[in-house]
>>> print(open('run-v4.txt').read())   # compact mmCIF, N, CA and C atoms and all ligand atoms
# COMPACT_ATOMS: atom_id res chain seq x y z
N MET M 451 116.26 77.55 78.72
CA MET M 451 114.98 77.07 79.27
C MET M 451 114.00 76.82 78.13
N SER M 452 113.37 75.67 78.12
CA SER M 452 112.42 75.36 77.04
C SER M 452 111.12 76.12 77.26
N LYS M 453 110.57 76.56 76.15
CA LYS M 453 109.28 77.25 76.26
C LYS M 453 108.18 76.26 75.91
N LYS M 454 107.50 75.83 76.93
CA LYS M 454 106.46 74.84 76.72
C LYS M 454 105.11 75.50 76.97
N ARG M 455 104.25 75.43 75.96
CA ARG M 455 102.93 76.04 76.14
C ARG M 455 101.97 74.98 76.65
N ILE M 456 101.23 75.29 77.63
CA ILE M 456 100.23 74.35 78.11
C ILE M 456 98.87 75.06 78.20
N LYS M 457 97.83 74.24 78.18
CA LYS M 457 96.49 74.83 78.30
C LYS M 457 95.96 74.56 79.70
N ILE M 458 95.47 75.59 80.31
CA ILE M 458 94.87 75.41 81.63
C ILE M 458 93.47 76.03 81.63
N PRO M 459 92.58 75.44 82.40
CA PRO M 459 91.28 76.09 82.51
C PRO M 459 91.46 77.37 83.30
N SER M 460 90.82 78.41 82.87
CA SER M 460 90.97 79.64 83.63
C SER M 460 89.61 80.24 83.89
N GLU M 461 89.56 80.89 84.98
CA GLU M 461 88.31 81.49 85.40
C GLU M 461 88.57 82.96 85.63
N ASN M 462 87.77 83.78 85.02
CA ASN M 462 87.90 85.21 85.28
C ASN M 462 86.78 85.63 86.19
N VAL M 463 87.17 86.16 87.30
CA VAL M 463 86.15 86.63 88.23
C VAL M 463 86.21 88.14 88.26
N LEU M 464 85.10 88.73 87.90
CA LEU M 464 85.02 90.18 87.91
C LEU M 464 84.38 90.60 89.21
N PHE M 465 85.13 91.31 90.03
CA PHE M 465 84.52 91.71 91.30
C PHE M 465 84.74 93.17 91.61
N GLU M 466 83.98 93.64 92.54
CA GLU M 466 83.97 95.04 92.88
C GLU M 466 84.17 95.16 94.38
N VAL M 467 85.07 96.03 94.78
CA VAL M 467 85.30 96.22 96.22
C VAL M 467 84.71 97.57 96.62
N SER M 468 83.87 97.55 97.61
CA SER M 468 83.28 98.80 98.08
C SER M 468 83.17 98.74 99.59
N LYS M 469 82.55 99.71 100.19
CA LYS M 469 82.41 99.71 101.64
C LYS M 469 81.53 98.56 102.12
N ASP M 470 80.78 97.97 101.21
CA ASP M 470 79.95 96.82 101.56
C ASP M 470 80.68 95.50 101.39
N GLY M 471 81.98 95.56 101.13
CA GLY M 471 82.74 94.34 100.95
C GLY M 471 82.96 94.06 99.47
N VAL M 472 83.14 92.77 99.18
CA VAL M 472 83.46 92.38 97.82
C VAL M 472 82.21 91.80 97.16
N ALA M 473 81.85 92.31 96.03
CA ALA M 473 80.70 91.77 95.30
C ALA M 473 81.19 91.16 93.99
N ILE M 474 80.74 89.94 93.74
CA ILE M 474 81.13 89.29 92.49
C ILE M 474 80.13 89.67 91.41
N LEU M 475 80.64 90.25 90.34
CA LEU M 475 79.75 90.73 89.28
C LEU M 475 79.55 89.66 88.21
N ASP M 476 80.62 88.94 87.90
CA ASP M 476 80.51 87.97 86.81
C ASP M 476 81.68 86.99 86.86
N THR M 477 81.44 85.75 86.44
CA THR M 477 82.54 84.81 86.29
C THR M 477 82.44 84.17 84.90
N THR M 478 83.57 84.08 84.24
CA THR M 478 83.59 83.42 82.94
C THR M 478 84.67 82.36 82.96
N VAL M 479 84.40 81.23 82.35
CA VAL M 479 85.36 80.13 82.34
C VAL M 479 85.79 79.85 80.91
N GLY M 480 87.07 79.61 80.72
CA GLY M 480 87.56 79.28 79.40
C GLY M 480 88.89 78.59 79.50
N MET M 481 89.48 78.22 78.36
CA MET M 481 90.80 77.63 78.38
C MET M 481 91.80 78.73 78.07
N LYS M 482 92.91 78.70 78.78
CA LYS M 482 93.92 79.71 78.58
C LYS M 482 95.22 79.03 78.16
N ASP M 483 95.88 79.60 77.20
CA ASP M 483 97.14 79.07 76.72
C ASP M 483 98.24 79.80 77.48
N VAL M 484 98.97 79.08 78.33
CA VAL M 484 99.99 79.77 79.11
C VAL M 484 101.35 79.12 78.93
N ASP M 485 102.37 79.84 79.28
CA ASP M 485 103.72 79.32 79.29
C ASP M 485 103.82 78.37 80.50
N GLY M 486 104.20 77.12 80.22
CA GLY M 486 104.30 76.13 81.29
C GLY M 486 105.30 76.50 82.36
N ASN M 487 106.19 77.42 82.04
CA ASN M 487 107.18 77.82 83.03
C ASN M 487 106.74 79.02 83.85
N MET M 488 105.56 79.51 83.52
CA MET M 488 105.02 80.64 84.26
C MET M 488 104.75 80.20 85.70
N THR M 489 104.97 81.10 86.63
CA THR M 489 104.77 80.76 88.04
C THR M 489 103.29 80.72 88.40
N ALA M 490 102.92 79.65 89.07
CA ALA M 490 101.54 79.52 89.53
C ALA M 490 101.43 79.97 90.97
N LEU M 491 100.27 80.43 91.33
CA LEU M 491 100.02 80.83 92.71
C LEU M 491 98.95 79.94 93.31
N CYS M 492 99.06 79.69 94.58
CA CYS M 492 98.06 78.88 95.28
C CYS M 492 96.72 79.63 95.21
N ASP M 493 95.68 78.92 94.82
CA ASP M 493 94.36 79.55 94.70
C ASP M 493 93.74 79.88 96.04
N LEU M 494 94.31 79.34 97.10
CA LEU M 494 93.75 79.64 98.42
C LEU M 494 94.51 80.74 99.15
N CYS M 495 95.84 80.70 99.09
CA CYS M 495 96.57 81.70 99.88
C CYS M 495 97.55 82.54 99.06
N SER M 496 97.58 82.30 97.72
CA SER M 496 98.39 83.11 96.81
C SER M 496 99.90 82.99 96.95
N VAL M 497 100.40 81.94 97.62
CA VAL M 497 101.85 81.80 97.65
C VAL M 497 102.31 81.19 96.33
N ASP M 498 103.55 81.44 96.00
CA ASP M 498 104.20 80.95 94.79
C ASP M 498 104.33 79.42 94.88
N ILE M 499 103.76 78.68 93.92
CA ILE M 499 103.88 77.22 93.99
C ILE M 499 104.65 76.65 92.80
N GLY M 500 105.50 77.48 92.21
CA GLY M 500 106.36 76.99 91.15
C GLY M 500 105.71 77.04 89.78
N PRO M 501 106.42 76.49 88.76
CA PRO M 501 105.92 76.56 87.40
C PRO M 501 104.59 75.83 87.19
N MET M 502 103.77 76.39 86.33
CA MET M 502 102.44 75.85 85.99
C MET M 502 102.47 74.35 85.66
N LYS M 503 103.50 73.95 84.91
CA LYS M 503 103.54 72.57 84.43
C LYS M 503 103.87 71.57 85.55
N ASP M 504 104.35 72.06 86.68
CA ASP M 504 104.74 71.17 87.78
C ASP M 504 103.84 71.28 89.00
N ILE M 505 102.65 71.77 88.83
CA ILE M 505 101.77 71.92 90.00
C ILE M 505 101.49 70.54 90.59
N LYS M 506 101.73 70.40 91.88
CA LYS M 506 101.62 69.10 92.53
C LYS M 506 100.22 68.80 93.02
N HIS M 507 99.59 69.81 93.59
CA HIS M 507 98.30 69.55 94.22
C HIS M 507 97.17 70.29 93.52
N ILE M 508 96.25 69.50 92.98
CA ILE M 508 95.09 70.10 92.33
C ILE M 508 93.84 69.45 92.90
N GLU M 509 92.91 70.26 93.29
CA GLU M 509 91.65 69.72 93.80
C GLU M 509 90.53 70.17 92.88
N SER M 510 89.53 69.33 92.75
CA SER M 510 88.40 69.68 91.91
C SER M 510 87.54 70.72 92.64
N PRO M 511 86.81 71.53 91.87
CA PRO M 511 85.95 72.53 92.51
C PRO M 511 84.92 71.87 93.43
N GLU M 512 84.52 70.63 93.12
CA GLU M 512 83.54 69.92 93.96
C GLU M 512 84.11 69.69 95.36
N VAL M 513 85.39 69.27 95.41
CA VAL M 513 86.01 69.00 96.71
C VAL M 513 86.08 70.28 97.54
N ILE M 514 86.53 71.35 96.92
CA ILE M 514 86.66 72.62 97.65
C ILE M 514 85.29 73.06 98.14
N SER M 515 84.33 72.98 97.26
CA SER M 515 82.98 73.40 97.61
C SER M 515 82.43 72.57 98.76
N ARG M 516 82.74 71.27 98.75
CA ARG M 516 82.25 70.39 99.80
C ARG M 516 82.87 70.72 101.16
N VAL M 517 84.20 70.89 101.20
CA VAL M 517 84.82 71.19 102.50
C VAL M 517 84.35 72.55 103.03
N VAL M 518 84.13 73.49 102.11
CA VAL M 518 83.66 74.81 102.54
C VAL M 518 82.25 74.70 103.12
N LYS M 519 81.41 73.88 102.47
CA LYS M 519 80.05 73.67 102.98
C LYS M 519 80.08 73.06 104.37
N HIS M 520 81.14 72.28 104.63
CA HIS M 520 81.26 71.64 105.93
C HIS M 520 82.06 72.47 106.92
N GLY M 521 82.32 73.71 106.55
CA GLY M 521 82.91 74.63 107.51
C GLY M 521 84.37 75.00 107.32
N TYR M 522 85.01 74.50 106.25
CA TYR M 522 86.41 74.88 106.04
C TYR M 522 86.48 76.38 105.72
N ARG M 523 87.44 77.07 106.33
CA ARG M 523 87.63 78.49 106.05
C ARG M 523 89.05 78.76 105.62
N PRO M 524 89.23 79.63 104.64
CA PRO M 524 90.59 79.93 104.14
C PRO M 524 91.32 80.88 105.06
N GLU M 525 91.80 80.35 106.19
CA GLU M 525 92.41 81.18 107.23
C GLU M 525 93.51 82.09 106.70
N GLU M 526 94.35 81.52 105.86
CA GLU M 526 95.50 82.25 105.34
C GLU M 526 95.03 83.45 104.49
N MET M 527 94.03 83.20 103.65
CA MET M 527 93.50 84.26 102.79
C MET M 527 92.87 85.36 103.64
N LEU M 528 92.16 84.95 104.69
CA LEU M 528 91.50 85.93 105.56
C LEU M 528 92.52 86.75 106.35
N ARG M 529 93.57 86.04 106.80
CA ARG M 529 94.61 86.74 107.55
C ARG M 529 95.26 87.81 106.68
N LYS M 530 95.54 87.43 105.42
CA LYS M 530 96.18 88.38 104.51
C LYS M 530 95.26 89.56 104.18
N SER M 531 93.96 89.29 104.07
CA SER M 531 93.01 90.37 103.80
C SER M 531 92.97 91.35 104.96
N ALA M 532 92.98 90.80 106.18
CA ALA M 532 92.96 91.65 107.37
C ALA M 532 94.22 92.50 107.42
N GLU M 533 95.35 91.86 107.10
CA GLU M 533 96.63 92.59 107.09
C GLU M 533 96.60 93.71 106.07
N MET M 534 95.97 93.44 104.92
CA MET M 534 95.90 94.43 103.87
C MET M 534 95.10 95.64 104.34
N LEU M 535 93.98 95.37 105.01
CA LEU M 535 93.16 96.47 105.53
C LEU M 535 93.95 97.29 106.54
N GLU M 536 94.69 96.58 107.42
CA GLU M 536 95.48 97.27 108.42
C GLU M 536 96.59 98.10 107.78
N SER M 537 97.19 97.53 106.72
CA SER M 537 98.27 98.26 106.05
C SER M 537 97.72 99.49 105.32
N MET M 538 96.42 99.50 105.06
CA MET M 538 95.81 100.66 104.43
C MET M 538 95.44 101.71 105.46
N GLY M 539 95.79 101.42 106.72
CA GLY M 539 95.57 102.38 107.79
C GLY M 539 94.28 102.18 108.54
N GLU M 540 93.61 101.08 108.25
CA GLU M 540 92.33 100.82 108.92
C GLU M 540 92.59 100.25 110.32
N THR M 541 92.08 100.91 111.34
CA THR M 541 92.34 100.44 112.70
C THR M 541 91.07 100.08 113.45
N ASN M 542 89.93 100.44 112.90
CA ASN M 542 88.65 100.13 113.53
C ASN M 542 88.36 98.64 113.45
N GLU M 543 88.51 97.95 114.59
CA GLU M 543 88.40 96.49 114.58
C GLU M 543 87.03 95.98 114.17
N ALA M 544 85.99 96.69 114.62
CA ALA M 544 84.63 96.28 114.27
C ALA M 544 84.43 96.39 112.76
N PHE M 545 84.97 97.45 112.20
CA PHE M 545 84.86 97.68 110.76
C PHE M 545 85.61 96.58 110.00
N ILE M 546 86.83 96.27 110.48
CA ILE M 546 87.63 95.23 109.83
C ILE M 546 86.88 93.90 109.89
N ARG M 547 86.32 93.60 111.06
CA ARG M 547 85.60 92.33 111.21
C ARG M 547 84.40 92.27 110.26
N ASP M 548 83.74 93.39 110.12
CA ASP M 548 82.58 93.49 109.25
C ASP M 548 82.96 93.22 107.79
N ILE M 549 84.03 93.88 107.36
CA ILE M 549 84.52 93.69 105.98
C ILE M 549 84.95 92.24 105.77
N MET M 550 85.61 91.68 106.80
CA MET M 550 86.08 90.30 106.70
C MET M 550 84.89 89.34 106.54
N ASP M 551 83.84 89.60 107.28
CA ASP M 551 82.62 88.79 107.18
C ASP M 551 82.09 88.80 105.76
N LYS M 552 82.05 90.01 105.20
CA LYS M 552 81.52 90.17 103.84
C LYS M 552 82.44 89.53 102.81
N THR M 553 83.76 89.67 103.06
CA THR M 553 84.73 89.07 102.15
C THR M 553 84.57 87.56 102.14
N LEU M 554 84.40 86.99 103.35
CA LEU M 554 84.24 85.55 103.46
C LEU M 554 82.96 85.10 102.75
N LYS M 555 81.89 85.84 102.92
CA LYS M 555 80.63 85.50 102.26
C LYS M 555 80.79 85.50 100.75
N SER M 556 81.45 86.53 100.23
CA SER M 556 81.66 86.61 98.78
C SER M 556 82.54 85.47 98.31
N TRP M 557 83.54 85.14 99.15
CA TRP M 557 84.46 84.07 98.78
C TRP M 557 83.70 82.74 98.69
N ILE M 558 82.85 82.48 99.67
CA ILE M 558 82.07 81.25 99.69
C ILE M 558 81.16 81.19 98.45
N GLU M 559 80.62 82.33 98.09
CA GLU M 559 79.78 82.43 96.89
C GLU M 559 80.61 82.08 95.65
N MET M 560 81.85 82.59 95.64
CA MET M 560 82.73 82.34 94.50
C MET M 560 83.07 80.85 94.41
N VAL M 561 83.36 80.23 95.57
CA VAL M 561 83.66 78.80 95.61
C VAL M 561 82.50 78.01 95.03
N ASP M 562 81.32 78.42 95.42
CA ASP M 562 80.10 77.78 94.98
C ASP M 562 79.95 77.80 93.47
N LYS M 563 80.36 78.91 92.86
CA LYS M 563 80.21 79.08 91.41
C LYS M 563 81.39 78.55 90.63
N SER M 564 82.49 78.27 91.33
CA SER M 564 83.71 77.89 90.65
C SER M 564 83.59 76.56 89.91
N GLU M 565 84.08 76.54 88.67
CA GLU M 565 83.99 75.33 87.86
C GLU M 565 85.36 74.85 87.40
N THR M 566 86.40 75.49 87.87
CA THR M 566 87.74 75.11 87.44
C THR M 566 88.52 74.51 88.61
N PRO M 567 89.48 73.61 88.30
CA PRO M 567 90.28 73.01 89.37
C PRO M 567 91.07 74.07 90.13
N TRP M 568 91.34 73.79 91.38
CA TRP M 568 92.08 74.71 92.24
C TRP M 568 93.52 74.19 92.38
N ALA M 569 94.47 75.06 92.12
CA ALA M 569 95.88 74.72 92.33
C ALA M 569 96.21 75.11 93.77
N LEU M 570 96.78 74.16 94.50
CA LEU M 570 97.04 74.42 95.91
C LEU M 570 98.50 74.24 96.29
N CYS M 571 98.93 74.99 97.30
CA CYS M 571 100.27 74.83 97.83
C CYS M 571 100.25 73.66 98.82
N GLU M 572 101.42 73.27 99.26
CA GLU M 572 101.57 72.17 100.21
C GLU M 572 100.69 72.38 101.45
N ASN M 573 100.76 73.58 102.00
CA ASN M 573 100.02 73.88 103.24
C ASN M 573 98.52 73.78 103.07
N CYS M 574 98.00 74.44 102.03
CA CYS M 574 96.54 74.47 101.84
C CYS M 574 96.04 73.08 101.48
N HIS M 575 96.81 72.35 100.67
CA HIS M 575 96.42 71.00 100.30
C HIS M 575 96.35 70.13 101.55
N GLY M 576 97.35 70.27 102.40
CA GLY M 576 97.39 69.51 103.65
C GLY M 576 96.19 69.85 104.53
N ALA M 577 95.87 71.13 104.59
CA ALA M 577 94.75 71.58 105.43
C ALA M 577 93.43 71.01 104.90
N ILE M 578 93.26 71.00 103.60
CA ILE M 578 92.02 70.46 102.99
C ILE M 578 91.94 68.95 103.25
N GLN M 579 93.06 68.27 103.05
CA GLN M 579 93.08 66.82 103.28
C GLN M 579 92.73 66.49 104.73
N ALA M 580 93.36 67.22 105.63
CA ALA M 580 93.13 66.99 107.06
C ALA M 580 91.67 67.26 107.38
N TYR M 581 91.14 68.30 106.78
CA TYR M 581 89.75 68.66 107.03
C TYR M 581 88.81 67.56 106.54
N MET M 582 89.11 67.02 105.37
CA MET M 582 88.26 65.99 104.80
C MET M 582 88.30 64.72 105.65
N LYS M 583 89.48 64.40 106.16
CA LYS M 583 89.62 63.22 106.99
C LYS M 583 88.82 63.40 108.28
N HIS M 584 89.01 64.55 108.84
CA HIS M 584 88.36 64.90 110.10
C HIS M 584 86.83 64.86 109.96
N LYS M 585 86.35 65.29 108.78
CA LYS M 585 84.91 65.42 108.57
C LYS M 585 84.35 64.29 107.71
N GLU M 586 85.14 63.26 107.52
CA GLU M 586 84.79 62.18 106.60
C GLU M 586 83.36 61.69 106.74
N ALA M 587 82.93 61.53 107.97
CA ALA M 587 81.59 61.01 108.22
C ALA M 587 80.51 61.88 107.63
N PHE M 588 80.80 63.17 107.45
CA PHE M 588 79.77 64.10 106.98
C PHE M 588 79.75 64.27 105.47
N ILE M 589 80.83 63.81 104.81
CA ILE M 589 80.94 64.09 103.37
C ILE M 589 80.30 62.97 102.54
ZN ZN Z 601 98.04 77.84 99.80
>>> encode(input="run-v4.txt", output="C-alpha cells")
Amino acid sequence: MSKKRIKIPSENVLFEVSKDGVAILDTTVGMKDVDGNMTALCDLCSVDIGPMKDIKHIESPEVISRVVKHGYRPEEMLRKSAEMLESMGETNEAFIRDIMDKTLKSWIEMVDKSETPWALCENCHGAIQAYMKHKEAFI
C-alpha cells in the first residue's frame, strides 16, 4: 500500500460535557498532514467513509450553516447521542430530552463557528441535498 501524505484542513474543537450539556470552550483551525489512507469519518454521523484521499462528498461550512439555519437537524447524530445516554444507564426521558436540547444547541453553535469543509457520507450528503432542494426558495 502506498503511503501518500495529504494536507487537510482540521478543526480542533475543545468542549466540555457537564450536566448542563455540551459547552464549546474553543475552536482552532489549521492544516493537518495526514496519511491519505487514513480512514475518514462522516462529520455528521461519524460513520466510516473510507480513506481520506477518496472522500466523495464535501460540503463547505457555508452550506452546512445555511441548511441548519433553515431547520436541518443532524438526526443521526442526535439518535446516537440519545443511545449513548441510554447505554450509560440514563432512563429519565425528560432528562435525556433536556440534554439532547442542549447538545443540539451547542452543535448549532459549532456549525456556526465552523470554517472547515465537512466530509459527508452518502446518507448525510443525500439528506443535505434533499433539504436544500426542498428549501431552495428560502436559500
Ligand atoms: Zn453521515
>>> closest_residue(input="run-v4.txt", among="M:Lys552, M:Arg547, M:Lys457, M:His575", to="ligand ZN 601 (chain Z)", atoms="only C-alpha atoms and all ligand atoms")
M:His575
>>> select_by_dssp(input="run-v4.txt", residues="segment 454-546 of chain M", states="strand (DSSP E)", output="VMD selection string")
chain M and resid 455 to 468 471 to 485 489 to 491 498 to 501 507 to 509
>>> residues_around(input="run-v4.txt", residues="Asp504 of chain M", least_positions_apart="5", cutoff="8 Å", atoms="all atoms listed in the file", output="mmCIF file with N, CA and C atoms, in the coordinates of the input")
data_model
loop_
_atom_site.group_PDB
_atom_site.id
_atom_site.type_symbol
_atom_site.label_atom_id
_atom_site.label_comp_id
_atom_site.auth_asym_id
_atom_site.auth_seq_id
_atom_site.Cartn_x
_atom_site.Cartn_y
_atom_site.Cartn_z
ATOM 1 N N GLY M 486 104.200 77.120 80.220
ATOM 2 C CA GLY M 486 104.300 76.130 81.290
ATOM 3 C C GLY M 486 105.300 76.500 82.360
ATOM 4 N N ASN M 487 106.190 77.420 82.040
ATOM 5 C CA ASN M 487 107.180 77.820 83.030
ATOM 6 C C ASN M 487 106.740 79.020 83.850
ATOM 7 N N ILE M 499 103.760 78.680 93.920
ATOM 8 C CA ILE M 499 103.880 77.220 93.990
ATOM 9 C C ILE M 499 104.650 76.650 92.800
#
>>> residues_near_ligand(input="run-v4.txt", ligand="ligand ZN 601 (chain Z)", cutoff="8 Å", atoms="only C-alpha atoms and all ligand atoms", output="number ranges by chain")
M: 491-497, 526, 570-575
>>> atom_distance(input="run-v4.txt", atom1="atom CA of Glu565 of chain M", atom2="atom CA of Val513 of chain M")
11.1 Å
>>> atom_distance(input="run-v4.txt", atom1="atom CA of Ala569 of chain M", atom2="atom C of Ala473 of chain M")
22.1 Å
>>> atom_distance(input="run-v4.txt", atom1="atom N of Asn462 of chain M", atom2="atom C of Ser556 of chain M")
14.4 Å
>>> select_by_dssp(input="run-v4.txt", residues="chain M", states="helix (DSSP H, G or I)", output="MDAnalysis selection string")
chainID M and resid 502:504 511:519 525:537 543:563 572:584 586:588
